[in-house]
>>> print(open('model.cif').read())   # mmCIF, C-alpha atoms
data_my_file
loop_
_atom_site.label_atom_id
_atom_site.label_comp_id
_atom_site.auth_asym_id
_atom_site.auth_seq_id
_atom_site.Cartn_x
_atom_site.Cartn_y
_atom_site.Cartn_z
CA MET A 1 75.54 164.64 91.42
CA ALA A 2 73.97 165.04 87.97
CA CYS A 3 75.81 166.79 85.18
CA ASN A 4 74.36 169.68 83.17
CA LEU A 5 75.26 168.34 79.74
CA SER A 6 72.26 167.62 77.63
CA THR A 7 74.31 165.22 75.52
CA CYS A 8 75.51 163.16 78.45
CA ASN A 9 74.78 159.48 77.90
CA SER A 10 76.60 158.11 80.90
CA SER A 11 74.82 155.26 82.54
CA GLY A 12 76.03 156.40 85.94
CA CYS A 13 74.63 159.94 85.67
CA TYR A 14 72.09 160.76 88.36
CA LYS A 15 70.04 162.97 86.04
CA GLU A 16 67.92 160.07 84.80
CA TYR A 17 67.05 159.07 88.36
CA GLU A 18 65.92 162.60 89.23
CA GLU A 19 63.66 162.65 86.19
CA LYS A 20 62.18 159.30 87.22
CA ASP A 21 61.55 160.62 90.74
CA GLN A 22 59.77 163.68 89.34
CA ASN A 23 57.58 161.52 87.11
CA ASN A 24 56.72 159.21 90.00
CA SER A 25 55.80 162.22 92.17
CA LYS A 26 53.40 163.48 89.50
CA THR A 27 51.84 160.03 89.17
CA ARG A 28 51.34 159.74 92.95
CA ALA A 29 49.79 163.22 93.02
CA ALA A 30 47.37 162.29 90.23
CA VAL A 31 46.38 159.07 91.99
CA LYS A 32 45.91 160.92 95.25
CA GLY A 33 43.69 163.52 93.56
CA SER A 34 41.63 160.80 91.91
CA SER A 35 41.15 158.93 95.18
CA GLY A 36 40.22 162.21 96.85
CA ARG A 37 37.42 162.70 94.35
CA GLN A 38 36.26 159.13 94.97
CA ASN A 39 35.96 159.91 98.67
CA LEU A 40 33.41 162.66 97.98
CA CYS A 41 29.65 162.42 97.63
CA VAL A 42 28.72 161.58 94.03
CA LYS A 43 25.99 164.23 94.05
CA CYS A 44 27.24 167.34 95.85
CA LYS A 45 30.97 166.59 95.28
CA SER A 46 31.80 168.43 98.51
CA SER A 47 30.95 166.24 101.51
CA GLU A 48 32.33 162.94 102.64
CA PRO A 49 30.08 159.98 101.77
CA VAL A 50 28.62 157.99 104.63
CA CYS A 51 26.55 155.37 102.82
CA CYS A 52 25.88 153.68 99.49
CA GLY A 53 22.69 153.32 97.52
CA ILE A 54 21.69 150.14 95.73
CA GLY A 55 24.31 151.00 93.10
CA GLY A 56 27.11 150.08 95.53
CA GLU A 57 30.40 152.01 95.39
CA ASP A 58 29.20 153.97 92.35
CA SER A 59 26.42 155.64 94.36
CA ARG A 60 28.10 156.88 97.52
CA PHE A 61 26.17 159.75 99.15
CA CYS A 62 26.66 162.07 102.06
CA LYS A 63 23.91 162.07 104.68
CA ASP A 64 21.96 165.06 103.29
CA CYS A 65 22.14 163.94 99.66
CA PHE A 66 21.12 160.38 100.57
CA LYS A 67 18.04 161.62 102.41
CA ASN A 68 17.14 164.10 99.64
CA ASN A 69 17.50 161.35 97.05
CA LEU A 70 15.17 159.03 98.96
CA TYR A 71 12.69 161.82 99.71
CA GLY A 72 12.76 162.74 96.01
CA LYS A 73 11.58 159.23 95.07
CA PHE A 74 8.74 159.55 97.59
CA LYS A 75 7.74 163.03 96.43
CA GLN A 76 7.82 162.08 92.75
CA ALA A 77 5.55 159.09 93.38
CA VAL A 78 3.11 161.24 95.38
CA THR A 79 3.04 164.10 92.86
CA TYR A 80 2.94 162.17 89.60
CA ASN A 81 0.19 159.81 90.79
CA ALA A 82 -1.84 162.50 92.64
CA MET A 83 -1.72 160.41 95.82
CA ILE A 84 -2.16 163.35 98.18
CA THR A 85 -4.01 166.56 97.28
CA PRO A 86 -4.67 169.62 99.49
CA PRO A 87 -8.20 168.72 100.66
CA ASP A 88 -7.29 165.13 101.56
CA LYS A 89 -7.09 163.48 104.94
CA VAL A 90 -4.56 160.67 104.78
CA LEU A 91 -4.29 157.75 107.19
CA VAL A 92 -0.73 156.43 107.53
CA ALA A 93 -0.52 152.74 108.40
CA PHE A 94 2.22 152.51 111.04
CA SER A 95 3.68 149.20 112.20
CA GLY A 96 6.81 150.60 113.83
CA GLY A 97 9.23 149.05 111.34
CA PRO A 98 11.75 151.00 109.21
CA SER A 99 9.48 151.31 106.15
CA SER A 100 6.48 152.71 108.00
CA ARG A 101 8.78 154.91 110.14
CA VAL A 102 10.31 156.55 107.06
CA LEU A 103 6.84 156.84 105.51
CA LEU A 104 5.53 158.66 108.57
CA GLN A 105 8.54 160.99 108.57
CA PHE A 106 8.21 161.83 104.87
CA VAL A 107 4.45 162.43 105.07
CA HIS A 108 5.07 164.64 108.10
CA GLU A 109 7.75 166.66 106.28
CA MET A 110 5.48 167.06 103.28
CA GLN A 111 2.66 168.29 105.50
CA TYR A 112 5.01 170.61 107.39
CA ARG A 113 6.21 172.23 104.15
CA ALA A 114 2.62 172.57 102.91
CA GLN A 115 1.71 174.31 106.17
CA LYS A 116 4.59 176.77 105.76
CA ASN A 117 3.53 177.52 102.19
CA TYR A 118 -0.07 177.98 103.32
CA ASP A 119 0.96 180.40 106.08
CA ALA A 120 3.06 182.40 103.60
CA SER A 121 0.39 182.56 100.87
CA LYS A 122 -2.03 185.48 100.60
CA ASP A 123 -5.13 183.88 99.08
CA LYS A 124 -5.07 180.67 101.20
CA SER A 125 -6.66 178.86 98.24
CA LEU A 126 -5.03 175.47 98.80
CA PRO A 127 -5.66 173.96 102.25
CA VAL A 128 -3.18 171.71 104.05
CA PHE A 129 -3.97 168.01 103.97
CA GLY A 130 -4.61 166.28 107.27
CA VAL A 131 -2.66 163.30 108.60
CA GLY A 132 -3.69 160.51 110.92
CA VAL A 133 -1.74 157.46 112.08
CA ALA A 134 -3.15 153.96 112.59
CA PHE A 135 -1.50 151.06 114.38
CA ILE A 136 -3.17 147.64 114.13
CA ASP A 137 -2.57 145.70 117.34
CA GLU A 138 -2.22 141.98 116.59
CA SER A 139 -1.18 140.89 120.07
CA SER A 140 -4.34 138.79 120.42
CA ILE A 141 -3.05 136.50 117.67
CA HIS A 142 0.61 136.16 118.63
CA SER A 143 1.96 135.01 121.98
CA PHE A 144 3.52 138.24 123.19
CA ALA A 145 3.84 139.30 126.79
CA SER A 146 1.45 142.08 127.79
CA LYS A 147 4.37 144.23 128.98
CA GLN A 148 6.03 143.92 125.59
CA THR A 149 2.85 145.02 123.82
CA GLU A 150 2.31 147.93 126.21
CA LYS A 151 5.91 149.06 125.74
CA ALA A 152 5.59 148.96 121.94
CA ILE A 153 2.35 150.96 121.97
CA GLU A 154 3.88 153.47 124.37
CA ASP A 155 6.86 153.93 122.03
CA ILE A 156 4.52 154.45 119.07
CA ARG A 157 2.58 157.12 120.96
CA SER A 158 5.87 158.81 121.79
CA ILE A 159 7.02 158.79 118.15
CA VAL A 160 3.79 160.33 116.88
CA SER A 161 3.48 162.93 119.67
CA ASN A 162 7.09 164.09 119.22
CA LEU A 163 6.49 165.09 115.60
CA ALA A 164 6.29 168.82 115.04
CA PRO A 165 2.89 170.43 114.34
CA PRO A 166 0.44 170.02 112.71
CA LEU A 167 -0.78 167.48 115.24
CA LYS A 168 -1.62 163.95 114.10
CA GLU A 169 -4.31 161.76 115.60
CA LEU A 170 -3.21 158.26 116.52
CA PHE A 171 -5.51 155.24 116.35
CA VAL A 172 -4.42 152.09 118.19
CA VAL A 173 -6.96 149.49 117.11
CA PRO A 174 -6.93 145.72 117.77
CA ILE A 175 -7.29 143.68 114.62
CA GLU A 176 -10.29 141.82 116.06
CA SER A 177 -12.26 145.10 115.95
CA ILE A 178 -13.15 144.23 112.35
CA PHE A 179 -15.83 142.00 113.95
CA SER A 180 -17.13 144.72 116.30
CA SER A 181 -20.24 145.40 114.21
CA ASP A 182 -21.38 141.79 114.61
CA GLY A 183 -22.07 142.15 118.34
CA ILE A 184 -20.12 139.08 119.52
CA ASP A 185 -16.85 138.27 121.24
CA CYS A 186 -14.45 139.63 118.60
CA LYS A 187 -11.26 138.07 119.96
CA GLU A 188 -12.75 134.61 120.28
CA ARG A 189 -14.23 134.77 116.78
CA LEU A 190 -10.92 135.81 115.23
CA GLN A 191 -9.10 132.97 116.94
CA LYS A 192 -11.72 130.47 115.75
CA LEU A 193 -11.46 131.80 112.21
CA LEU A 194 -7.68 131.47 112.12
CA GLY A 195 -7.87 128.09 113.85
CA ALA A 196 -10.08 126.80 111.07
CA LEU A 197 -7.27 127.32 108.57
CA GLY A 198 -4.84 124.45 108.17
CA ASP A 199 -2.61 126.13 105.60
CA VAL A 200 0.09 128.39 107.11
CA THR A 201 0.35 130.55 104.00
CA GLY A 202 -3.41 130.92 103.85
CA LYS A 203 -3.48 132.06 107.47
CA GLU A 204 -0.83 134.73 106.79
CA ASP A 205 -2.65 135.93 103.67
CA LEU A 206 -5.97 136.14 105.50
CA LEU A 207 -4.34 138.24 108.22
CA ILE A 208 -3.08 140.65 105.56
CA HIS A 209 -6.63 141.00 104.19
CA LEU A 210 -8.11 141.50 107.67
CA ARG A 211 -5.47 144.12 108.44
CA LEU A 212 -6.39 146.11 105.35
CA LEU A 213 -10.10 145.79 106.12
CA CYS A 214 -9.37 147.16 109.58
CA LEU A 215 -7.53 150.15 108.08
CA GLN A 216 -10.45 150.75 105.72
CA LYS A 217 -12.84 150.74 108.65
CA ILE A 218 -10.76 153.27 110.61
CA ALA A 219 -10.46 155.55 107.57
CA SER A 220 -14.16 155.34 106.71
CA GLU A 221 -15.39 156.01 110.26
CA ASN A 222 -13.08 159.01 110.75
CA GLY A 223 -13.43 160.76 107.40
CA TYR A 224 -10.06 159.92 105.83
CA THR A 225 -9.77 159.95 102.04
CA ARG A 226 -6.53 157.98 101.57
CA VAL A 227 -4.88 154.98 103.22
CA VAL A 228 -1.10 155.26 102.89
CA LEU A 229 0.95 152.06 103.19
CA GLY A 230 4.72 151.75 103.65
CA THR A 231 5.05 148.91 101.13
CA CYS A 232 8.55 149.24 99.66
CA THR A 233 10.38 147.80 96.64
CA SER A 234 11.69 144.80 98.60
CA ARG A 235 8.27 143.75 99.79
CA ILE A 236 6.74 144.16 96.35
CA ALA A 237 9.53 142.02 94.85
CA CYS A 238 8.66 139.24 97.30
CA TYR A 239 4.97 139.62 96.53
CA VAL A 240 5.55 139.36 92.77
CA ILE A 241 7.18 135.95 93.16
CA SER A 242 4.86 134.61 95.86
CA ALA A 243 1.72 135.71 93.96
CA THR A 244 3.02 133.96 90.85
CA VAL A 245 3.61 130.77 92.84
CA LYS A 246 0.08 130.97 94.31
CA GLY A 247 -1.52 131.31 90.87
CA GLN A 248 -2.46 134.99 91.22
CA GLY A 249 -0.93 136.03 87.92
CA TYR A 250 -4.13 137.65 86.61
CA SER A 251 -4.53 139.96 89.61
CA LEU A 252 -0.80 140.56 90.16
CA SER A 253 -0.67 143.95 88.42
CA ALA A 254 -3.53 145.27 90.59
CA ASP A 255 -1.53 144.95 93.81
CA ILE A 256 1.84 146.41 92.76
CA GLN A 257 0.77 149.81 91.37
CA TYR A 258 1.15 153.17 93.08
CA VAL A 259 -2.61 153.57 93.48
CA ASP A 260 -5.40 151.10 94.24
CA SER A 261 -8.92 152.58 94.12
CA ARG A 262 -10.90 149.35 94.18
CA TRP A 263 -11.38 149.90 97.93
CA GLU A 264 -13.89 152.36 99.41
CA ILE A 265 -10.92 154.47 100.54
CA PRO A 266 -8.12 154.46 97.90
CA VAL A 267 -4.85 152.84 98.97
CA VAL A 268 -1.54 154.39 97.84
CA LEU A 269 2.09 153.17 97.94
CA PRO A 270 4.46 156.19 97.90
CA LEU A 271 7.52 154.09 98.86
CA ARG A 272 7.14 151.73 95.91
CA ASP A 273 10.50 152.85 94.46
CA CYS A 274 12.43 152.70 97.75
CA PRO A 275 14.32 149.47 98.66
CA ALA A 276 14.30 148.26 102.27
CA GLN A 277 18.09 148.58 102.47
CA GLU A 278 17.91 152.34 101.83
CA LEU A 279 15.05 152.78 104.31
CA ASN A 280 17.02 150.96 107.01
CA THR A 281 20.06 153.12 106.26
CA LEU A 282 18.05 156.33 106.57
CA CYS A 283 16.63 155.26 109.94
CA SER A 284 20.18 154.67 111.15
CA LEU A 285 21.59 157.94 109.76
CA ASP A 286 18.68 160.13 110.86
CA GLY A 287 18.21 158.48 114.23
CA LEU A 288 14.60 157.56 113.48
CA LYS A 289 13.31 155.41 116.31
CA ILE A 290 11.72 152.14 115.26
CA VAL A 291 9.61 149.76 117.31
CA GLU A 292 10.23 146.05 117.55
CA MET A 293 7.76 144.34 115.26
CA LEU A 294 4.84 142.73 117.07
CA ASN A 295 4.24 140.24 114.27
CA GLY A 296 5.28 136.65 114.00
CA PRO A 297 7.86 135.59 111.38
CA CYS A 298 6.61 134.60 107.93
CA SER A 299 6.61 130.92 107.06
CA GLY A 300 5.17 128.76 104.32
CA ILE A 301 5.39 130.16 100.80
CA ASN A 302 5.82 133.74 102.01
CA GLY A 303 8.78 132.84 104.21
CA LEU A 304 10.49 130.78 101.51
CA VAL A 305 10.11 133.55 98.93
CA SER A 306 11.40 136.16 101.37
CA SER A 307 14.53 134.09 102.04
CA PHE A 308 15.00 133.48 98.31
CA VAL A 309 14.77 137.18 97.41
CA LYS A 310 17.16 138.02 100.25
CA VAL A 311 19.78 135.71 98.75
CA LEU A 312 19.25 137.24 95.30
CA GLN A 313 19.68 140.72 96.77
CA GLU A 314 22.94 139.76 98.45
CA GLU A 315 24.32 138.58 95.11
CA ASN A 316 23.14 141.68 93.22
CA LEU A 317 21.98 144.82 95.04
CA SER A 318 19.68 145.83 92.19
CA ARG A 319 17.86 142.48 91.91
CA GLU A 320 14.76 143.61 93.82
CA CYS A 321 14.39 146.71 91.65
CA THR A 322 14.75 144.56 88.54
CA ILE A 323 11.93 142.26 89.68
CA VAL A 324 9.61 145.20 90.38
CA ARG A 325 10.47 146.97 87.11
CA THR A 326 9.78 143.78 85.16
CA ALA A 327 6.43 143.22 86.88
CA GLY A 328 5.61 146.89 86.37
CA LYS A 329 5.33 146.28 82.64
CA LEU A 330 2.07 144.41 83.25
CA THR A 331 -1.01 146.36 82.21
CA PRO A 332 -2.68 147.98 85.24
CA PHE A 333 -6.41 147.82 85.88
CA HIS A 334 -8.74 150.77 85.48
CA PHE A 335 -8.92 151.24 89.26
CA ASN A 336 -5.13 151.74 89.56
CA ARG A 337 -5.45 155.52 89.53
CA ILE A 338 -7.02 158.23 91.68
CA PRO A 339 -10.62 158.98 90.58
CA GLU A 340 -11.13 162.39 89.02
CA ILE A 341 -12.81 165.15 91.03
CA HIS A 342 -16.26 166.18 89.75
CA ASP A 343 -17.59 167.74 92.98
CA SER A 344 -18.55 171.39 92.43
CA ASN A 345 -18.14 172.05 96.15
CA VAL A 346 -14.40 171.45 95.92
CA PRO A 347 -12.48 174.76 95.49
CA SER A 348 -11.45 175.50 91.90
CA ALA A 349 -7.79 175.80 92.92
CA THR A 350 -7.90 172.25 94.27
CA ARG A 351 -9.47 170.92 91.08
CA ARG A 352 -6.84 172.67 88.96
CA HIS A 353 -4.11 171.19 91.18
CA HIS A 354 -5.63 167.72 90.76
CA ARG A 355 -5.89 168.05 86.96
CA ARG A 356 -2.32 169.28 86.74
CA HIS A 357 -0.88 166.37 88.73
CA GLY A 358 -3.52 163.68 88.22
CA LEU A 359 -3.22 160.68 85.94
CA LYS A 360 -5.05 160.59 82.65
CA SER A 361 -7.72 157.99 82.21
CA ASN A 362 -6.57 154.91 80.37
CA GLY A 363 -9.90 154.71 78.62
CA SER A 364 -10.79 151.35 80.12
CA LEU A 365 -14.48 150.88 80.90
CA SER A 366 -14.00 147.36 82.20
CA SER A 367 -16.13 146.36 85.17
CA GLU A 368 -14.30 143.81 87.26
CA SER A 369 -15.63 141.22 89.66
CA PHE A 370 -13.63 140.76 92.85
CA CYS A 371 -12.79 137.94 95.20
CA ALA A 372 -14.95 138.18 98.32
CA ILE A 373 -12.02 137.39 100.63
CA CYS A 374 -8.90 139.09 99.24
CA ASN A 375 -10.67 141.54 96.88
CA SER A 376 -8.49 140.49 93.94
CA PRO A 377 -10.00 140.95 90.46
CA LEU A 378 -11.38 137.76 88.97
CA LYS A 379 -11.06 136.57 85.41
CA LYS A 380 -14.18 137.27 83.39
CA SER A 381 -14.44 133.59 82.47
CA ASN A 382 -14.59 132.69 86.17
CA SER A 383 -16.80 135.57 87.30
CA SER A 384 -19.32 135.07 84.49
CA GLU A 385 -19.84 131.48 85.61
CA SER A 386 -20.29 132.50 89.27
CA PRO A 387 -23.89 133.44 90.20
CA GLN A 388 -24.50 136.40 92.49
CA THR A 389 -24.45 134.86 95.94
CA SER A 390 -23.37 135.49 99.50
CA ASP A 391 -21.29 132.31 99.52
CA PRO A 392 -17.59 133.33 99.47
CA CYS A 393 -16.74 129.88 98.10
CA VAL A 394 -18.39 130.84 94.82
CA ALA A 395 -17.07 134.43 94.75
CA ALA A 396 -13.47 133.60 95.72
CA CYS A 397 -10.36 133.48 93.57
CA SER A 398 -8.54 130.20 92.98
CA SER A 399 -5.79 131.10 95.46
CA CYS A 400 -8.25 131.71 98.32
CA GLN A 401 -10.20 128.57 97.41
CA PHE A 402 -7.04 126.49 97.65
CA GLN A 403 -5.34 128.08 100.70
CA ILE A 404 -8.05 129.69 102.83
CA LEU A 405 -11.43 128.04 102.27
CA PRO A 406 -11.90 124.60 103.88
CA LYS A 407 -11.59 121.57 101.63
CA ASP A 408 -14.45 119.73 103.35
CA PRO A 409 -17.81 121.09 102.08
CA SER A 410 -19.45 120.24 105.41
CA LEU A 411 -17.22 122.78 107.15
CA MET A 412 -17.98 125.61 104.71
CA GLU A 413 -21.08 126.90 106.49
CA GLN A 414 -19.28 127.15 109.82
CA PHE A 415 -16.29 128.88 108.19
CA VAL A 416 -18.50 131.44 106.44
CA SER A 417 -20.25 132.23 109.74
CA LEU A 418 -16.86 133.22 111.22
CA LEU A 419 -15.98 135.72 108.47
CA PRO A 420 -16.38 139.49 109.10
CA ARG A 421 -19.58 141.08 107.90
CA ALA A 422 -17.61 143.21 105.40
CA VAL A 423 -16.52 140.04 103.57
CA ILE A 424 -20.05 138.63 103.44
CA THR A 425 -21.40 141.96 102.20
CA ARG A 426 -18.82 142.11 99.42
CA ALA A 427 -19.71 138.59 98.32
CA LYS A 428 -23.44 139.38 98.39
CA HIS A 429 -23.20 142.55 96.30
CA GLY A 430 -20.69 141.10 93.84
CA ASP A 431 -19.61 143.72 91.32
CA ARG A 432 -22.53 146.14 91.81
CA GLY A 433 -20.16 148.66 93.27
CA ASN A 434 -18.32 148.84 89.97
CA VAL A 435 -21.37 150.12 88.07
CA SER A 436 -20.99 153.55 89.65
CA SER A 437 -17.29 153.50 88.78
CA VAL A 438 -18.07 152.81 85.13
CA ARG A 439 -20.77 155.50 85.12
CA GLU A 440 -18.26 158.07 86.43
CA GLN A 441 -15.89 157.25 83.57
CA ILE A 442 -18.56 157.81 80.87
CA GLN A 443 -20.40 160.65 82.63
CA ASP A 444 -19.39 163.23 80.01
CA PHE A 445 -20.88 161.10 77.23
CA LEU A 446 -24.28 160.43 78.82
CA LEU A 447 -27.38 162.35 77.69
CA SER A 448 -29.48 164.10 80.28
CA ASP A 449 -33.30 164.06 80.37
CA GLU A 450 -33.42 167.49 78.74
CA ASP A 451 -31.25 166.28 75.86
CA ASP A 452 -33.60 163.35 75.33
CA GLU A 453 -36.57 165.70 74.96
CA VAL A 454 -34.73 167.77 72.38
#
>>> encode(input="model.cif", output="structure tokens")
Amino acid sequence: MACNLSTCNSSGCYKEYEEKDQNNSKTRAAVKGSSGRQNLCVKCKSSEPVCCGIGGEDSRFCKDCFKNNLYGKFKQAVTYNAMITPPDKVLVAFSGGPSSRVLLQFVHEMQYRAQKNYDASKDKSLPVFGVGVAFIDESSIHSFASKQTEKAIEDIRSIVSNLAPPLKELFVVPIESIFSSDGIDCKERLQKLLGALGDVTGKEDLLIHLRLLCLQKIASENGYTRVVLGTCTSRIACYVISATVKGQGYSLSADIQYVDSRWEIPVVLPLRDCPAQELNTLCSLDGLKIVEMLNGPCSGINGLVSSFVKVLQEENLSRECTIVRTAGKLTPFHFNRIPEIHDSNVPSATRRHHRRHGLKSNGSLSSESFCAICNSPLKKSNSSESPQTSDPCVAACSSCQFQILPKDPSLMEQFVSLLPRAVITRAKHGDRGNVSSVREQIQDFLLSDEDDEV
């Protein structure tokens, strides 16, 4: 029992032990309160966290906040870079993997909200953009069982059809259809073309180019104004390193921007700021169904770089973002933005919306020459020495010359005969297509015929 004397100094008095117990209780309560706050979402501070962002334990989110954070990155990229405007028809490239699945879901949610706003508005001045989905079937290249391919395509049809209105048209197109305009056996020609390549990395790179050409063909034939890819931060980080290794340093900045308008149909990357880890987590949390990839594993330079970046990411969760941010400091090309709208037939509300959210011109009037195979911009020193010709060997970048084109000159003619007509046409016309682009940029400064008379 403790005494009540304040002057008691007895070492056997229990008073000092009671005071210690009270202090310990307060300390335990403070620690418990602190740990309780750590077990809450860092954003809403009210729900229990279920996952971490790339910041690790310092960025623990609940399910709703995690999804809103990821959707916010997507929406900011779309809005700031004017990727999707009301009159557009966008074609979403869908492979069935986590990145393209999240992309499809986000584009669908954006369209759904636009439709609700349109239904609630009185003037109906801003239309709702249309959405289509394209799946490139590469089963003719890889040794997959027909049942496996049919099951994957059936799952993709189910995913697209189960999305809420507005309805979205699905295109399931074999990659060999890029040769369909040539009037020959497309599958056999594709296999001969790939068989002529001895370099594994070159074969993978050529497939990437053919895939994008196929998407461009689908978009052009069906009236789409944008091609939307699910390229994420992780994939761009791998590309930055692999392109550097392949000697594509000059054209590197062209392929890692949000917008790429060098194609007939501009290509946009709204998931550029979203790491693969976060996209995989969202698919798991939201129950988004993904389809087993019908593509072979990467090998060669691409496979080595992918494994290397994966190890770096395991050591530091922000390593991929650091690589992309560093490469993002490179100066973009003039075609890395959405072209301005000058069509008088476009509603004034749409043009105001585009001006409000569109990128300002960087003032560059540079006319680039492009590689006939991969469409990468060429150095002026190289392009000025190359005569205008239909021979892709002359109009190709150094990377394609080393990895894709045959080393034996006697085999060049046969290899060129196997290329799609779109590649031959691009090599034949050279950079003529860029003249109209330059003219659009200086349109306001040109004198008309009437001005000349005055």
>>> residues_around(input="model.cif", residues="Lys310 of chain A", least_positions_apart="6", cutoff="12 Å", atoms="all atoms listed in the file", output="list of chain:residue names")
A:Ser234, A:Arg235, A:Ala237, A:Cys238, A:Pro275, A:Ala276, A:Gln277, A:Gly303, A:Leu304, A:Asn316, A:Leu317, A:Ser318, A:Arg319, A:Glu320
>>> residues_near_point(input="model.cif", point="(15.4, 163.6, 105.4)", cutoff="10 Å", atoms="all atoms listed in the file", output="short mmCIF file (atom, residue, chain, number, x, y, z; two decimals) with C-alpha atoms, in the frame of the given file")
data_model
loop_
_atom_site.label_atom_id
_atom_site.label_comp_id
_atom_site.auth_asym_id
_atom_site.auth_seq_id
_atom_site.Cartn_x
_atom_site.Cartn_y
_atom_site.Cartn_z
CA LYS A 63 23.91 162.07 104.68
CA ASP A 64 21.96 165.06 103.29
CA CYS A 65 22.14 163.94 99.66
CA PHE A 66 21.12 160.38 100.57
CA LYS A 67 18.04 161.62 102.41
CA ASN A 68 17.14 164.10 99.64
CA ASN A 69 17.50 161.35 97.05
CA LEU A 70 15.17 159.03 98.96
CA TYR A 71 12.69 161.82 99.71
CA GLY A 72 12.76 162.74 96.01
CA VAL A 102 10.31 156.55 107.06
CA GLN A 105 8.54 160.99 108.57
CA PHE A 106 8.21 161.83 104.87
CA GLU A 109 7.75 166.66 106.28
CA LEU A 282 18.05 156.33 106.57
CA CYS A 283 16.63 155.26 109.94
CA LEU A 285 21.59 157.94 109.76
CA ASP A 286 18.68 160.13 110.86
#
>>> residues_around(input="model.cif", residues="Ala422 of chain A", least_positions_apart="3", cutoff="12 Å", atoms="only C-alpha atoms", output="MDAnalysis selection string")
chainID A and resid 177:182 209:210 212:214 216:217 263:264 372:375 390 392 416 418:419 425:429
>>> closest_residue(input="model.cif", among="A:Ser306, A:Ser99, A:Gln76, A:Asn81", to="Thr281 of chain A", atoms="only C-alpha atoms")
A:Ser99
>>> atom_distance(input="model.cif", atom1="atom CA of Leu190 of chain A", atom2="atom CA of Ile301 of chain A")
22.5 Å
>>> residues_around(input="model.cif", residues="Glu150 of chain A", least_positions_apart="3", cutoff="12 Å", atoms="only C-alpha atoms", output="ChimeraX atom specification")
/A:137,139,144-147,153-157,172,291-292,294
>>> resolve_selection(input="model.cif", expression="the PyMOL selection byres ((chain A and resi 42) around 7)", output="list of chain:residue names")
A:Leu40, A:Cys41, A:Lys43, A:Cys44, A:Lys45, A:Ser59, A:Arg60, A:Phe61
>>> resolve_selection(input="model.cif", expression="the PyMOL selection byres ((chain A and resi 228) around 7)", output="MDAnalysis selection string")
chainID A and resid 90:93 226:227 229:230 267:269
>>> closest_residue(input="model.cif", among="A:Tyr112, A:Phe74, A:Phe402, A:Tyr258", to="Cys274 of chain A", atoms="only C-alpha atoms")
A:Phe74
